[in-house]
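> Before I ask anything, let me first share the structure, which is written out below as structure tokens.
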Amino acid sequence: MTSNSAESQIAPHESLRQLLTTPTFPDNQTLYERVLDHPQLRAIDANIAAAHIGTNIAEQQYKTEWALEASYGYRADTSTGMDRADLFSFGVSFDVPLFTADKQDRNVRASKARAESIRTDQQLVVRDLVTRMRAALVDWRGLNERKALYEQRLLPQLTQQADATMADYANDQGELQDVIRARIAMIDAHIELLTIAVAQHSSVAELNYLSGYTQTQALPSEDL
């Protein structure tokens with residue numbers, strides 16, 4: 001009975017493999033770079049861009065708007081046959097912003113305040129994503145150490161003990177209860193190993209989500 005035959009793992013995104021396998025724990029800058037593709041941050045980036053456009057529009061209100069107008073009108077002869085001159089007109093118009101020092105200033109300040117508020121929200125979201133990624137990495141690494149302990153030490157010892165008690169019982173040198181207890185201990189260890197694998201799957205899914213990668217695929221657990 002092995003964990004590999006019971007289930008497959010969720011594969012970490014390729015860019016996360018180094019985080020899972022490197023001996024040293026990644027610093028905040030590395031974690032920050034990993035979360036930049038998160039959909040929530042992309043949406044905030046779009047909101048910031050929209051806020052900048054709003055600021056530009058508000059600043060445009062300071063400028064005088066000019067317009068050139070020209071028109072031509074044809075006039076037919078009179079009923080008595082006299083010629084009449086055609087009409088041509090030309091004009092220049094401009095709009096001078098009113099209340100420049102007050103209303104326009106308030107509009108620009110309000111637009112800039114909205115952009116700054118969105119940037120503040122972005123920083124808070126980044127901090128939360130980095131904190132969650134750090135916690136998921138700590139969980140995964142701790143689980144990986146427990147997995148190695150079970151696979152490399154506990155399970156081999158329990159298997160050897162179960163085989164030994166079975167051999168003693170077969171040679172009338174042991175008790176059936178000892179065989180049962182040894183087998184139960186070995187089964188419990190396999191169940192615990194599966195529990196560790198499931199918890200690792202959850203950590204990998206969380207890491208994939210935090211890095212903006214949501215596609216999942218089957219991957220044998222030994223590949224991690």
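By convention in this document, the chains of the structure tokens carry letters A, B, ... by their order, each chain's residues are numbered from 1, and ligands are numbered from 1 in the order they are shown.
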Which polymer residues have any atom within 12 Å of an atom of A:Thr30, counting only C-alpha atoms, with same-chain residues fewer than 2 positions away left out, as a PDB file with C-alpha atoms, in the first residue's frame?

ATOM      1  CA  SER A  15       7.655  28.873 -11.804  1.00  0.00           C
ATOM      2  CA  LEU A  16       6.822  27.556  -8.309  1.00  0.00           C
ATOM      3  CA  GLN A  18      12.051  26.353  -7.438  1.00  0.00           C
ATOM      4  CA  LEU A  19      10.246  27.754  -4.397  1.00  0.00           C
ATOM      5  CA  THR A  24      16.763  28.391   1.415  1.00  0.00           C
ATOM      6  CA  PHE A  25      13.414  29.999   2.094  1.00  0.00           C
ATOM      7  CA  PRO A  26      12.586  32.733  -0.479  1.00  0.00           C
ATOM      8  CA  ASP A  27      12.703  36.372   0.604  1.00  0.00           C
ATOM      9  CA  ASN A  28       9.842  38.864   0.374  1.00  0.00           C
ATOM     10  CA  TYR A  32       6.274  39.572  -4.348  1.00  0.00           C
ATOM     11  CA  GLU A  33       7.358  38.731  -7.896  1.00  0.00           C
ATOM     12  CA  ARG A  34       5.422  35.457  -7.725  1.00  0.00           C
ATOM     13  CA  VAL A  35       2.070  37.069  -6.877  1.00  0.00           C
ATOM     14  CA  LEU A  36       2.136  39.816  -9.521  1.00  0.00           C
ATOM     15  CA  VAL A 130       2.649  37.523   0.008  1.00  0.00           C
ATOM     16  CA  MET A 133       2.110  32.516  -0.046  1.00  0.00           C
ATOM     17  CA  ARG A 134       4.682  32.468   2.749  1.00  0.00           C
ATOM     18  CA  SER A 211       0.608  33.003  -8.366  1.00  0.00           C
TER      19      SER A 211
END
> Take atom CA of A:Ala197 and atom CA of A:Asp128 and report the distance between them in Å, one decimal.
25.9 Å
> Suppose you want the space between atom CA of A:Arg153 and atom CA of A:Leu193; what is it in Å?
12.2 Å
> Calculate how many Å separate atom CA of A:Ala205 from atom CA of A:Leu137, rounding to one decimal.
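Interatomic distance here is 11.2 Å.
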> Check the smallest atom-to-atom distance from each of A:Arg127, A:Arg119, A:Arg146, A:Arg109 to A:Ala46 using only C-alpha atoms, then report the winner.
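Going through A:Arg127, A:Arg119, A:Arg146, A:Arg109 one by one, the smallest distance to A:Ala46 is for A:Arg119.
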> For each of A:Thr131, A:Thr165, A:Asn208, A:Ser203, take the minimum atom-to-atom distance to A:Leu31, counting only C-alpha atoms, then give the residue where this is smallest.
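Looking only at the distances to A:Leu31, the closest residue turns out to be A:Thr131.
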> Please list as a list in words every residue within 7 Å of A:Ala162, counting only C-alpha atoms and excluding residues in the same chain fewer than 4 positions away.
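Using only C-alpha atoms, the neighbours found are Leu158, Met166, Val179, Ala182 and Arg183 of chain A.
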> What lies within 9 Å of A:Gln200 using only C-alpha atoms, ignoring chain neighbours under 2 positions off, as a list in words?
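The filter keeps Gln9, Ile10, Asp139, Trp140, Arg141, Leu143, Asn144, Thr195, Ile196, Ala197, Val198, Ser202, Ser203, Val204 and Ala205 of chain A.
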> Selected residues, N, CA and C atoms, written as an mmCIF file, in the first residue's frame, please.

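This is the output file out.cif:
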data_model
loop_
_atom_site.group_PDB
_atom_site.id
_atom_site.type_symbol
_atom_site.label_atom_id
_atom_site.label_comp_id
_atom_site.auth_asym_id
_atom_site.auth_seq_id
_atom_site.Cartn_x
_atom_site.Cartn_y
_atom_site.Cartn_z
ATOM 1 N N GLN A 9 -1.006 13.918 -7.513
ATOM 2 C CA GLN A 9 -0.907 15.253 -6.942
ATOM 3 C C GLN A 9 -1.284 16.333 -7.937
ATOM 4 N N ILE A 10 -1.689 17.470 -7.381
ATOM 5 C CA ILE A 10 -1.863 18.665 -8.190
ATOM 6 C C ILE A 10 -0.485 19.214 -8.496
ATOM 7 N N ASP A 139 3.846 25.614 5.230
ATOM 8 C CA ASP A 139 3.055 24.391 5.397
ATOM 9 C C ASP A 139 3.586 23.279 4.508
ATOM 10 N N TRP A 140 3.831 23.600 3.232
ATOM 11 C CA TRP A 140 4.268 22.562 2.300
ATOM 12 C C TRP A 140 5.617 21.986 2.704
ATOM 13 N N ARG A 141 6.537 22.842 3.101
ATOM 14 C CA ARG A 141 7.863 22.355 3.488
ATOM 15 C C ARG A 141 7.795 21.503 4.760
ATOM 16 N N LEU A 143 5.202 19.756 5.741
ATOM 17 C CA LEU A 143 4.590 18.493 5.345
ATOM 18 C C LEU A 143 5.576 17.616 4.585
ATOM 19 N N ASN A 144 6.418 18.236 3.785
ATOM 20 C CA ASN A 144 7.392 17.459 3.024
ATOM 21 C C ASN A 144 8.405 16.782 3.943
ATOM 22 N N THR A 195 -2.719 11.276 4.347
ATOM 23 C CA THR A 195 -3.215 12.539 4.900
ATOM 24 C C THR A 195 -2.216 13.662 4.633
ATOM 25 N N ILE A 196 -0.949 13.374 4.776
ATOM 26 C CA ILE A 196 0.094 14.361 4.482
ATOM 27 C C ILE A 196 0.043 14.754 3.011
ATOM 28 N N ALA A 197 -0.132 13.763 2.134
ATOM 29 C CA ALA A 197 -0.174 14.041 0.699
ATOM 30 C C ALA A 197 -1.363 14.943 0.350
ATOM 31 N N VAL A 198 -2.525 14.688 0.968
ATOM 32 C CA VAL A 198 -3.707 15.520 0.715
ATOM 33 C C VAL A 198 -3.446 16.950 1.169
ATOM 34 N N SER A 202 -3.364 20.579 -1.042
ATOM 35 C CA SER A 202 -4.032 21.840 -0.710
ATOM 36 C C SER A 202 -3.039 23.006 -0.733
ATOM 37 N N SER A 203 -1.839 22.775 -0.223
ATOM 38 C CA SER A 203 -0.823 23.831 -0.218
ATOM 39 C C SER A 203 -0.417 24.202 -1.641
ATOM 40 N N VAL A 204 -0.257 23.193 -2.490
ATOM 41 C CA VAL A 204 0.129 23.456 -3.879
ATOM 42 C C VAL A 204 -0.993 24.199 -4.611
ATOM 43 N N ALA A 205 -2.239 23.798 -4.364
ATOM 44 C CA ALA A 205 -3.368 24.491 -4.991
ATOM 45 C C ALA A 205 -3.403 25.953 -4.558
#
> Which of these, A:Asp121, A:Glu116, A:Asp45, A:Asp163, has the shortest distance to A:Ile180 once you count only C-alpha atoms?
A:Asp163
> Which residues, written as a list in words, have at least one atom at most 8 Å from A:Ile118, with only C-alpha atoms counted and residues fewer than 2 positions away on the same chain left out?
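Selected residues are Ile44, Asn47, Ile48, Arg114, Ala115, Glu116, Thr120, Asp121 and Gln122 of chain A.
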